[in-house]
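S.K.: This one is entry24.pdb, PDB, C-alpha atoms and all ligand atoms.
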```pdb
ATOM      1  CA  MET A   1     229.840 111.664-164.042
ATOM      2  CA  ARG A   2     232.921 109.775-165.103
ATOM      3  CA  ASN A   3     233.541 112.235-167.920
ATOM      4  CA  ASP A   4     233.080 115.386-165.889
ATOM      5  CA  PRO A   5     236.570 116.950-165.864
ATOM      6  CA  ARG A   6     235.663 119.065-162.866
ATOM      7  CA  LYS A   7     235.286 116.046-160.648
ATOM      8  CA  SER A   8     238.868 114.942-160.601
ATOM      9  CA  THR A   9     240.484 118.210-159.522
ATOM     10  CA  VAL A  10     237.931 120.157-157.527
ATOM     11  CA  MET A  11     235.717 117.530-155.969
ATOM     12  CA  ASN A  12     236.335 118.938-152.513
ATOM     13  CA  VAL A  13     235.594 122.527-153.562
ATOM     14  CA  LEU A  14     232.405 122.761-155.617
ATOM     15  CA  ALA A  15     229.327 121.689-153.716
ATOM     16  CA  LYS A  16     225.553 122.030-153.805
ATOM     17  CA  PRO A  17     223.906 124.418-151.307
ATOM     18  CA  ALA A  18     222.236 121.544-149.436
ATOM     19  CA  ASP A  19     225.630 119.870-148.904
ATOM     20  CA  LEU A  20     227.155 123.050-147.515
ATOM     21  CA  GLU A  21     224.385 124.222-145.203
ATOM     22  CA  ALA A  22     225.576 122.019-142.340
ATOM     23  CA  ALA A  23     229.263 122.898-142.790
ATOM     24  CA  ALA A  24     228.708 126.602-143.520
ATOM     25  CA  PRO A  25     230.848 128.912-141.416
ATOM     26  CA  ALA A  26     229.084 131.226-139.009
ATOM     27  CA  GLY A  27     228.332 134.648-140.417
ATOM     28  CA  ALA A  28     228.044 133.450-144.001
ATOM     29  CA  PHE A  29     225.115 132.881-146.328
ATOM     30  CA  VAL A  30     225.137 129.796-148.562
ATOM     31  CA  GLU A  31     223.745 130.865-151.937
ATOM     32  CA  GLU A  32     223.116 129.086-155.222
ATOM     33  CA  VAL A  33     224.643 130.055-158.556
ATOM     34  CA  THR A  34     221.915 130.788-161.117
ATOM     35  CA  ALA A  35     223.937 131.779-164.206
ATOM     36  CA  VAL A  36     227.539 131.944-165.426
ATOM     37  CA  GLN A  37     228.878 133.679-168.546
ATOM     38  CA  HIS A  38     232.492 133.543-169.692
ATOM     39  CA  TYR A  39     233.771 136.465-171.772
ATOM     40  CA  THR A  40     237.455 135.659-172.278
ATOM     41  CA  ASP A  41     240.014 133.363-170.694
ATOM     42  CA  ARG A  42     240.489 136.151-168.088
ATOM     43  CA  LEU A  43     236.936 137.318-167.329
ATOM     44  CA  PHE A  44     233.554 135.884-166.374
ATOM     45  CA  ARG A  45     230.391 136.928-164.594
ATOM     46  CA  PHE A  46     228.098 134.929-162.346
ATOM     47  CA  ARG A  47     224.710 135.439-160.776
ATOM     48  CA  MET A  48     223.385 133.881-157.601
ATOM     49  CA  THR A  49     220.405 133.875-155.301
ATOM     50  CA  ARG A  50     220.058 136.792-152.885
ATOM     51  CA  PRO A  51     219.165 136.235-149.245
ATOM     52  CA  ALA A  52     215.884 137.937-148.384
ATOM     53  CA  SER A  53     217.508 139.839-145.516
ATOM     54  CA  PHE A  54     220.533 141.085-147.502
ATOM     55  CA  ARG A  55     220.630 144.856-148.098
ATOM     56  CA  PHE A  56     223.442 146.893-149.662
ATOM     57  CA  ARG A  57     224.158 150.329-151.115
ATOM     58  CA  SER A  58     225.005 150.488-154.841
ATOM     59  CA  GLY A  59     228.796 150.430-155.256
ATOM     60  CA  GLU A  60     229.556 148.346-152.154
ATOM     61  CA  PHE A  61     231.497 145.078-152.045
ATOM     62  CA  VAL A  62     231.060 141.856-150.121
ATOM     63  CA  MET A  63     233.241 138.826-149.332
ATOM     64  CA  ILE A  64     232.545 135.864-151.643
ATOM     65  CA  GLY A  65     234.026 132.444-150.971
ATOM     66  CA  LEU A  66     234.181 128.693-151.368
ATOM     67  CA  MET A  67     235.032 125.897-148.958
ATOM     68  CA  ILE A  68     238.544 124.845-149.938
ATOM     69  CA  ASP A  69     240.031 121.820-148.206
ATOM     70  CA  GLY A  70     237.389 122.155-145.532
ATOM     71  CA  LYS A  71     238.066 125.833-144.856
ATOM     72  CA  PRO A  72     236.274 128.914-146.201
ATOM     73  CA  LEU A  73     238.387 131.127-148.486
ATOM     74  CA  TYR A  74     237.004 134.566-149.316
ATOM     75  CA  ARG A  75     237.859 137.445-151.638
ATOM     76  CA  ALA A  76     236.248 140.876-151.917
ATOM     77  CA  TYR A  77     233.820 141.289-154.792
ATOM     78  CA  SER A  78     231.966 144.427-155.803
ATOM     79  CA  ILE A  79     228.263 143.792-156.215
ATOM     80  CA  ALA A  80     227.491 144.475-159.882
ATOM     81  CA  SER A  81     223.719 144.151-159.690
ATOM     82  CA  PRO A  82     221.394 146.986-158.698
ATOM     83  CA  ALA A  83     219.817 147.087-155.241
ATOM     84  CA  TRP A  84     216.387 146.354-156.749
ATOM     85  CA  ASP A  85     217.482 143.114-158.438
ATOM     86  CA  GLU A  86     216.207 139.957-156.770
ATOM     87  CA  GLU A  87     219.503 138.188-157.547
ATOM     88  CA  LEU A  88     223.150 139.227-157.018
ATOM     89  CA  GLU A  89     225.669 139.561-159.830
ATOM     90  CA  PHE A  90     229.496 139.612-159.787
ATOM     91  CA  PHE A  91     232.121 140.209-162.480
ATOM     92  CA  SER A  92     235.342 138.294-161.880
ATOM     93  CA  ILE A  93     238.841 137.896-163.142
ATOM     94  CA  LYS A  94     240.266 134.355-163.520
ATOM     95  CA  VAL A  95     243.736 134.109-162.061
ATOM     96  CA  PRO A  96     245.240 130.798-163.266
ATOM     97  CA  ASP A  97     246.812 129.995-159.889
ATOM     98  CA  GLY A  98     244.532 132.240-157.844
ATOM     99  CA  PRO A  99     243.626 130.533-154.565
ATOM    100  CA  LEU A 100     239.937 131.378-155.028
ATOM    101  CA  THR A 101     239.376 132.206-158.704
ATOM    102  CA  SER A 102     241.095 129.085-160.032
ATOM    103  CA  HIS A 103     238.156 127.222-158.431
ATOM    104  CA  LEU A 104     235.460 129.877-158.721
ATOM    105  CA  GLN A 105     235.857 130.069-162.500
ATOM    106  CA  LYS A 106     234.555 126.485-162.685
ATOM    107  CA  ILE A 107     231.240 127.112-160.940
ATOM    108  CA  GLN A 108     228.030 126.239-162.738
ATOM    109  CA  PRO A 109     224.346 126.907-162.042
ATOM    110  CA  GLY A 110     223.270 124.896-159.013
ATOM    111  CA  ASP A 111     226.645 125.123-157.242
ATOM    112  CA  ALA A 112     226.973 126.744-153.821
ATOM    113  CA  VAL A 113     228.843 129.979-153.052
ATOM    114  CA  LEU A 114     229.487 131.506-149.642
ATOM    115  CA  MET A 115     228.849 135.182-148.966
ATOM    116  CA  LYS A 116     229.674 137.027-145.753
ATOM    117  CA  LYS A 117     226.757 138.940-144.355
ATOM    118  CA  LYS A 118     228.065 142.513-144.275
ATOM    119  CA  PRO A 119     228.610 144.651-147.383
ATOM    120  CA  THR A 120     230.894 147.701-147.218
ATOM    121  CA  GLY A 121     232.785 150.162-149.417
ATOM    122  CA  THR A 122     233.494 153.764-150.356
ATOM    123  CA  LEU A 123     232.240 153.892-153.963
ATOM    124  CA  VAL A 124     228.822 155.076-152.887
ATOM    125  CA  ASN A 125     226.822 158.151-153.829
ATOM    126  CA  ASP A 126     226.721 159.233-150.175
ATOM    127  CA  ALA A 127     230.530 159.683-150.121
ATOM    128  CA  LEU A 128     230.355 162.371-152.833
ATOM    129  CA  VAL A 129     229.223 165.946-152.330
ATOM    130  CA  PRO A 130     226.566 167.064-154.827
ATOM    131  CA  GLY A 131     227.786 168.034-158.294
ATOM    132  CA  LYS A 132     226.719 168.278-161.901
ATOM    133  CA  ARG A 133     228.657 165.485-163.555
ATOM    134  CA  VAL A 134     230.075 162.228-162.177
ATOM    135  CA  TYR A 135     232.909 160.342-163.850
ATOM    136  CA  MET A 136     233.125 156.616-163.087
ATOM    137  CA  PHE A 137     236.662 155.650-164.137
ATOM    138  CA  SER A 138     237.150 151.882-164.495
ATOM    139  CA  THR A 139     239.600 149.366-165.925
ATOM    140  CA  GLY A 140     239.030 145.605-166.283
ATOM    141  CA  THR A 141     236.721 144.177-163.602
ATOM    142  CA  GLY A 142     236.750 147.623-161.967
ATOM    143  CA  ILE A 143     233.533 148.296-163.887
ATOM    144  CA  ALA A 144     231.602 146.030-161.459
ATOM    145  CA  PRO A 145     230.591 148.575-158.779
ATOM    146  CA  PHE A 146     229.539 150.988-161.531
ATOM    147  CA  ALA A 147     227.330 148.294-163.067
ATOM    148  CA  SER A 148     225.327 148.645-159.873
ATOM    149  CA  LEU A 149     225.547 152.450-159.620
ATOM    150  CA  ILE A 150     224.405 153.162-163.208
ATOM    151  CA  ARG A 151     221.234 151.194-162.468
ATOM    152  CA  ASP A 152     220.456 153.108-159.267
ATOM    153  CA  PRO A 153     217.866 155.906-159.669
ATOM    154  CA  ASP A 154     219.688 157.903-156.927
ATOM    155  CA  THR A 155     222.694 158.319-159.241
ATOM    156  CA  TYR A 156     220.537 160.118-161.807
ATOM    157  CA  GLU A 157     218.779 162.139-159.140
ATOM    158  CA  LYS A 158     222.148 163.374-157.890
ATOM    159  CA  PHE A 159     223.871 164.085-161.241
ATOM    160  CA  ASP A 160     222.894 165.591-164.617
ATOM    161  CA  GLN A 161     225.497 163.529-166.438
ATOM    162  CA  VAL A 162     227.003 160.110-165.637
ATOM    163  CA  ILE A 163     230.154 159.268-167.602
ATOM    164  CA  LEU A 164     231.267 155.650-167.320
ATOM    165  CA  THR A 165     234.774 155.124-168.699
ATOM    166  CA  HIS A 166     235.993 151.556-169.204
ATOM    167  CA  SER A 167     239.492 150.753-170.477
ATOM    168  CA  CYS A 168     240.720 147.223-171.095
ATOM    169  CA  ARG A 169     243.673 145.431-172.638
ATOM    170  CA  GLU A 170     241.578 143.683-175.305
ATOM    171  CA  VAL A 171     238.411 144.465-177.251
ATOM    172  CA  ALA A 172     236.624 141.304-176.000
ATOM    173  CA  GLU A 173     237.015 142.562-172.416
ATOM    174  CA  LEU A 174     234.688 145.481-173.173
ATOM    175  CA  LYS A 175     231.746 143.167-173.897
ATOM    176  CA  TYR A 176     230.440 143.005-170.318
ATOM    177  CA  GLY A 177     230.177 146.811-170.179
ATOM    178  CA  GLU A 178     228.670 147.092-173.647
ATOM    179  CA  ASP A 179     225.896 144.616-172.820
ATOM    180  CA  LEU A 180     225.367 146.285-169.462
ATOM    181  CA  VAL A 181     224.930 149.783-170.906
ATOM    182  CA  GLU A 182     222.607 148.547-173.640
ATOM    183  CA  GLN A 183     220.447 146.713-171.083
ATOM    184  CA  THR A 184     220.447 149.739-168.790
ATOM    185  CA  ILE A 185     219.260 152.089-171.545
ATOM    186  CA  ASN A 186     216.533 149.630-172.589
ATOM    187  CA  ASP A 187     215.463 148.848-169.018
ATOM    188  CA  PRO A 188     211.820 149.766-168.338
ATOM    189  CA  LEU A 189     212.726 151.060-164.868
ATOM    190  CA  ILE A 190     216.010 152.912-165.208
ATOM    191  CA  GLY A 191     216.165 153.459-168.989
ATOM    192  CA  GLU A 192     214.178 156.698-168.768
ATOM    193  CA  PHE A 193     216.979 158.380-166.764
ATOM    194  CA  ALA A 194     219.907 156.586-168.360
ATOM    195  CA  LYS A 195     218.918 157.456-171.956
ATOM    196  CA  ASP A 196     219.516 161.156-171.387
ATOM    197  CA  LYS A 197     222.302 161.119-168.799
ATOM    198  CA  LEU A 198     224.523 158.053-169.204
ATOM    199  CA  VAL A 199     227.600 158.162-171.454
ATOM    200  CA  HIS A 200     229.754 155.062-172.032
ATOM    201  CA  TYR A 201     233.360 155.871-173.001
ATOM    202  CA  THR A 202     235.633 152.934-173.891
ATOM    203  CA  SER A 203     239.286 152.475-174.819
ATOM    204  CA  VAL A 204     241.607 149.545-175.480
ATOM    205  CA  THR A 205     245.358 149.435-174.840
ATOM    206  CA  ARG A 206     246.748 146.255-176.428
ATOM    207  CA  GLU A 207     244.704 145.755-179.614
ATOM    208  CA  ASP A 208     243.401 147.823-182.500
ATOM    209  CA  PHE A 209     240.280 149.727-181.567
ATOM    210  CA  PRO A 210     238.799 153.063-182.670
ATOM    211  CA  ARG A 211     239.915 154.615-179.355
ATOM    212  CA  GLN A 212     243.205 153.509-177.886
ATOM    213  CA  GLY A 213     245.173 154.365-174.768
ATOM    214  CA  ARG A 214     245.043 154.335-171.010
ATOM    215  CA  ILE A 215     242.386 156.509-169.383
ATOM    216  CA  THR A 216     245.135 158.460-167.623
ATOM    217  CA  ASP A 217     246.688 159.384-170.976
ATOM    218  CA  LEU A 218     243.278 160.332-172.377
ATOM    219  CA  ILE A 219     242.749 162.652-169.398
ATOM    220  CA  LYS A 220     246.247 164.152-169.628
ATOM    221  CA  SER A 221     246.050 164.841-173.346
ATOM    222  CA  GLY A 222     242.565 166.326-172.985
ATOM    223  CA  LYS A 223     241.191 163.841-175.531
ATOM    224  CA  LEU A 224     238.600 162.539-173.057
ATOM    225  CA  PHE A 225     237.035 165.996-172.666
ATOM    226  CA  GLU A 226     237.334 166.796-176.368
ATOM    227  CA  ASP A 227     235.583 163.528-177.303
ATOM    228  CA  LEU A 228     232.820 164.157-174.749
ATOM    229  CA  GLY A 229     232.436 167.826-175.630
ATOM    230  CA  VAL A 230     232.804 168.915-171.992
ATOM    231  CA  PRO A 231     235.215 171.307-170.244
ATOM    232  CA  PRO A 232     238.249 169.897-168.376
ATOM    233  CA  LEU A 233     237.804 168.630-164.795
ATOM    234  CA  ASP A 234     236.405 171.309-162.510
ATOM    235  CA  PRO A 235     236.106 170.749-158.733
ATOM    236  CA  ALA A 236     233.060 173.012-158.623
ATOM    237  CA  ILE A 237     230.926 170.682-160.754
ATOM    238  CA  ASP A 238     232.751 167.426-161.484
ATOM    239  CA  ARG A 239     232.845 164.347-159.232
ATOM    240  CA  GLY A 240     234.848 161.141-159.666
ATOM    241  CA  MET A 241     234.777 157.488-158.678
ATOM    242  CA  ILE A 242     237.776 155.290-159.503
ATOM    243  CA  CYS A 243     238.005 151.491-159.596
ATOM    244  CA  GLY A 244     240.850 149.485-161.134
ATOM    245  CA  SER A 245     244.291 148.147-160.255
ATOM    246  CA  MET A 246     246.408 149.796-157.537
ATOM    247  CA  ASP A 247     248.525 151.568-160.158
ATOM    248  CA  MET A 248     245.540 152.749-162.149
ATOM    249  CA  ILE A 249     243.950 154.152-158.994
ATOM    250  CA  LYS A 250     247.128 155.920-157.930
ATOM    251  CA  ASP A 251     247.684 157.546-161.320
ATOM    252  CA  THR A 252     244.056 158.554-161.875
ATOM    253  CA  LYS A 253     243.808 159.911-158.336
ATOM    254  CA  THR A 254     246.892 162.088-158.936
ATOM    255  CA  LEU A 255     245.256 163.604-162.019
ATOM    256  CA  LEU A 256     242.025 164.356-160.149
ATOM    257  CA  GLU A 257     243.990 165.950-157.318
ATOM    258  CA  GLU A 258     245.973 168.032-159.780
ATOM    259  CA  ALA A 259     242.624 169.286-161.117
ATOM    260  CA  GLY A 260     241.713 170.376-157.553
ATOM    261  CA  LEU A 261     239.365 167.573-156.483
ATOM    262  CA  THR A 262     239.742 166.107-152.978
ATOM    263  CA  GLU A 263     239.191 162.523-151.847
ATOM    264  CA  GLY A 264     236.101 161.708-149.795
ATOM    265  CA  ALA A 265     234.890 158.872-147.599
ATOM    266  CA  ASN A 266     231.632 157.687-146.072
ATOM    267  CA  ASN A 267     232.084 159.871-142.988
ATOM    268  CA  LYS A 268     233.542 162.803-144.940
ATOM    269  CA  PRO A 269     231.990 163.239-148.398
ATOM    270  CA  ALA A 270     234.128 165.122-150.924
ATOM    271  CA  GLU A 271     234.738 165.316-154.673
ATOM    272  CA  PHE A 272     236.042 161.826-155.509
ATOM    273  CA  VAL A 273     236.320 158.311-154.059
ATOM    274  CA  VAL A 274     238.418 155.246-154.904
ATOM    275  CA  GLU A 275     238.242 151.465-154.529
ATOM    276  CA  ARG A 276     240.599 148.775-155.650
ATOM    277  CA  ALA A 277     239.302 146.151-158.125
ATOM    278  CA  PHE A 278     240.151 143.026-156.178
ATOM    279  CA  VAL A 279     241.831 139.945-157.586
ATOM    280  CA  GLY A 280     242.848 136.542-156.318
TER     281      GLY A 280
HETATM  282  P1  LIG B   1     248.010 148.561-170.314
HETATM  283  O1  LIG B   1     247.570 147.560-171.327
HETATM  284  O2  LIG B   1     248.779 149.703-170.903
HETATM  285  O3  LIG B   1     248.721 147.939-169.130
HETATM  286  P2  LIG B   1     244.707 145.140-166.049
HETATM  287  O4  LIG B   1     243.854 144.064-166.686
HETATM  288  O5  LIG B   1     246.168 144.854-166.001
HETATM  289  O6  LIG B   1     244.158 145.629-164.753
HETATM  290  O7  LIG B   1     244.595 146.382-167.063
HETATM  291  C1  LIG B   1     243.350 146.901-167.441
HETATM  292  C2  LIG B   1     243.584 148.182-168.176
HETATM  293  O8  LIG B   1     244.153 149.155-167.272
HETATM  294  C3  LIG B   1     244.565 148.042-169.319
HETATM  295  O9  LIG B   1     244.046 148.742-170.423
HETATM  296  C4  LIG B   1     245.832 148.672-168.773
HETATM  297  O10 LIG B   1     246.665 149.269-169.756
HETATM  298  C5  LIG B   1     245.269 149.754-167.890
HETATM  299  N1  LIG B   1     246.225 150.235-166.877
HETATM  300  C6  LIG B   1     247.169 149.514-166.231
HETATM  301  N2  LIG B   1     247.875 150.291-165.388
HETATM  302  C7  LIG B   1     247.364 151.542-165.501
HETATM  303  C8  LIG B   1     247.678 152.787-164.885
HETATM  304  N3  LIG B   1     248.671 152.912-163.988
HETATM  305  N4  LIG B   1     246.950 153.856-165.238
HETATM  306  C9  LIG B   1     245.947 153.749-166.149
HETATM  307  N5  LIG B   1     245.613 152.609-166.767
HETATM  308  C10 LIG B   1     246.302 151.500-166.448
END
```
Represent the structure from my file as structure tokens, please.
Ligand code: A2P
M.R.:
Amino acid sequence: MRNDPRKSTVMNVLAKPADLEAAAPAGAFVEEVTAVQHYTDRLFRFRMTRPASFRFRSGEFVMIGLMIDGKPLYRAYSIASPAWDEELEFFSIKVPDGPLTSHLQKIQPGDAVLMKKKPTGTLVNDALVPGKRVYMFSTGTGIAPFASLIRDPDTYEKFDQVILTHSCREVAELKYGEDLVEQTINDPLIGEFAKDKLVHYTSVTREDFPRQGRITDLIKSGKLFEDLGVPPLDPAIDRGMICGSMDMIKDTKTLLEEAGLTEGANNKPAEFVVERAFVG
């Protein structure tokens, strides 16, 4: 192991599940990483084992952590896998000096990850009143909760059309969503619904790409609706879910409100819901 560069800097952080079981904080599961895929120097996804007792609603998030200097450090992560998947998947940013992600980005299959036991969140089908079409507006890692929702049969039962928008700085950052949508359409279970109802709409803001611009600008100019061949936002039939940075949420929310949609919550379903894509 002399040549393993991970050893020198993060020896006290990355551990095997068996090593952590004894030291695990109360209220947390110790799970094992099963796969890791890096997309760019800013983005990666990882999969891990799922505790048999763990249940969640598509679109919810959970606290994921590592033991750092003997203490657990957690950040909120949307669950990207569908409820029927036997593993759990997460899509993460890498923040160079991020207290958690500077370590988490180095995990490999076999390493241990902590997960708090209770999922929560507002990006759930139950927080929306019935409608015809649902827009899932995402930027960057904000696509994660929608990766779960577009693989949930309930989403297709509730809506005739599911429009997943994903805008990123660079073309390579779209790859996670492109693979996801392709797998969803070809999935033996969910593909039947997704083929007819799911639309993937992408744009890039800092590189050449066939469609450029922020999602907010594409809404404002009407290009989004023109490209999709649908009428502008209508509170009678359209529903929205928003996940991205604080600024992206604020600006997209304003546009939905200007179109007459109102914000909902778990205890008060309405026409759109929001959740911040977490970083750290
Ligand atoms: P831009 O390149 O113009 O900043 P980030 O990785 O910083 O979260 O950005 C992901 C995507 O979200 C980028 O394409 C970025 O565009 C876009 N974005 C950033 N702020 C906003 C905003 N206020 N409204 C809409 N899109 C935004």
S.K.: Grab all the atoms of ligand LIG 1 (chain B) that the file lists, wrap them in a box along x, y and z, add 8 Å per side, and give me centre plus edge lengths in Å (one decimal) as lines of an AutoDock Vina configuration file.
M.R.:
```
center_x = 246.1
center_y = 149.0
center_z = -167.7
size_x = 21.4
size_y = 25.8
size_z = 23.3
```
S.K.: Using only C-alpha atoms and all ligand atoms, which residues have at least one atom no more than 12 Å from ligand LIG 1 (chain B)? Output them as a ChimeraX atom specification.
M.R.: /A:40,42-43,92-95,137-143,165-174,202-209,211-220,242-255,276-279
S.K.: So what does the PyMOL selection byres (((chain A and resi 66) around 8) and not hetatm) actually pick up in this one, as number ranges by chain?
M.R.: A: 13-14, 64-65, 67-68, 72-74, 100, 104, 112-114
S.K.: Restricted to C-alpha atoms, what would the selected residues look like written as a PDB file, in the frame of the given file?
M.R.:
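Output (again-v3.pdb):
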```pdb
ATOM      1  CA  VAL A  13     235.594 122.527-153.562  1.00  0.00           C
ATOM      2  CA  LEU A  14     232.405 122.761-155.617  1.00  0.00           C
ATOM      3  CA  ILE A  64     232.545 135.864-151.643  1.00  0.00           C
ATOM      4  CA  GLY A  65     234.026 132.444-150.971  1.00  0.00           C
ATOM      5  CA  MET A  67     235.032 125.897-148.958  1.00  0.00           C
ATOM      6  CA  ILE A  68     238.544 124.845-149.938  1.00  0.00           C
ATOM      7  CA  PRO A  72     236.274 128.914-146.201  1.00  0.00           C
ATOM      8  CA  LEU A  73     238.387 131.127-148.486  1.00  0.00           C
ATOM      9  CA  TYR A  74     237.004 134.566-149.316  1.00  0.00           C
ATOM     10  CA  LEU A 100     239.937 131.378-155.028  1.00  0.00           C
ATOM     11  CA  LEU A 104     235.460 129.877-158.721  1.00  0.00           C
ATOM     12  CA  ALA A 112     226.973 126.744-153.821  1.00  0.00           C
ATOM     13  CA  VAL A 113     228.843 129.979-153.052  1.00  0.00           C
ATOM     14  CA  LEU A 114     229.487 131.506-149.642  1.00  0.00           C
TER      15      LEU A 114
END
```
S.K.: Measuring between all atoms listed in the file, which one of A:Pro210, A:Pro99, A:Asn186, A:Arg133 shows the shortest distance to Pro231 in chain A?
M.R.: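 Among A:Pro210, A:Pro99, A:Asn186, A:Arg133, it is A:Arg133 that comes nearest to Pro231 in chain A.
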S.K.: Translate the PyMOL selection byres (((chain A and resi 233) around 10) and not hetatm), as applied to the file shown, into an explicit residue set as a ChimeraX atom specification.
M.R.: /A:133,135,219,222,225,230-232,234-240,255-256,258-261
S.K.: For the structure shown, which residues end up in the PyMOL selection byres (((chain A and resi 83) around 12) and not hetatm)? Put them as a PyMOL selection string, please?
M.R.: chain A and resi 50+54-60+79-82+84-89+145+147-154
S.K.: How would the residues just chosen look if you wrote them out with C-alpha atoms as a compact mmCIF listing (two decimals), keeping the file's coordinate frame?
M.R.:
```txt
# COMPACT_ATOMS: atom_id res chain seq x y z
CA ARG A 50 220.06 136.79 -152.88
CA PHE A 54 220.53 141.08 -147.50
CA ARG A 55 220.63 144.86 -148.10
CA PHE A 56 223.44 146.89 -149.66
CA ARG A 57 224.16 150.33 -151.12
CA SER A 58 225.00 150.49 -154.84
CA GLY A 59 228.80 150.43 -155.26
CA GLU A 60 229.56 148.35 -152.15
CA ILE A 79 228.26 143.79 -156.22
CA ALA A 80 227.49 144.48 -159.88
CA SER A 81 223.72 144.15 -159.69
CA PRO A 82 221.39 146.99 -158.70
CA TRP A 84 216.39 146.35 -156.75
CA ASP A 85 217.48 143.11 -158.44
CA GLU A 86 216.21 139.96 -156.77
CA GLU A 87 219.50 138.19 -157.55
CA LEU A 88 223.15 139.23 -157.02
CA GLU A 89 225.67 139.56 -159.83
CA PRO A 145 230.59 148.57 -158.78
CA ALA A 147 227.33 148.29 -163.07
CA SER A 148 225.33 148.65 -159.87
CA LEU A 149 225.55 152.45 -159.62
CA ILE A 150 224.40 153.16 -163.21
CA ARG A 151 221.23 151.19 -162.47
CA ASP A 152 220.46 153.11 -159.27
CA PRO A 153 217.87 155.91 -159.67
CA ASP A 154 219.69 157.90 -156.93
```
S.K.: Using only C-alpha atoms, which of A:Pro188, A:Pro51, A:Pro269, A:Pro25 sits nearest Pro130 in chain A?
M.R.: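 So, comparing all the options, the nearest one is A:Pro269.
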S.K.: Return the single residue from A:Lys195, A:Lys106, A:Arg75, A:Lys16 that is closest to Gln37 in chain A, with distances computed using all atoms listed in the file.
M.R.: A:Lys106
S.K.: Hey, which of A:Ala18, A:Phe44, A:Val124, A:Val274 ends up closest to Ser102 in chain A? Count only C-alpha atoms.
M.R.: A:Phe44
S.K.: Tell me which of A:Thr184, A:Ser221, A:Thr34, A:Ser53 sits closest to Gln108 in chain A, counting all atoms listed in the file.
M.R.: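 Once distances to Gln108 in chain A are computed over all atoms listed in the file, the minimum belongs to A:Thr34.
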S.K.: For each of A:Ala76, A:Val134, A:Ile185, A:Val129, take the minimum atom-to-atom distance to Glu275 in chain A, counting only C-alpha atoms, then give the residue where this is smallest.
M.R.: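 Result for the nearest residue to Glu275 in chain A: A:Ala76.
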S.K.: Report the distance between CA of Asn266 in chain A and CA of Thr120 in chain A in Å, rounded to one decimal place.
M.R.: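 Value for the CA of Asn266 in chain A-CA of Thr120 in chain A distance: 10.1 Å.
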S.K.: Could you tell me how far CA of Leu180 in chain A lies from CA of Gly264 in chain A, in Å and to one decimal?
M.R.: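 Atom-to-atom, CA of Leu180 in chain A and CA of Gly264 in chain A are spaced 27.2 Å apart.
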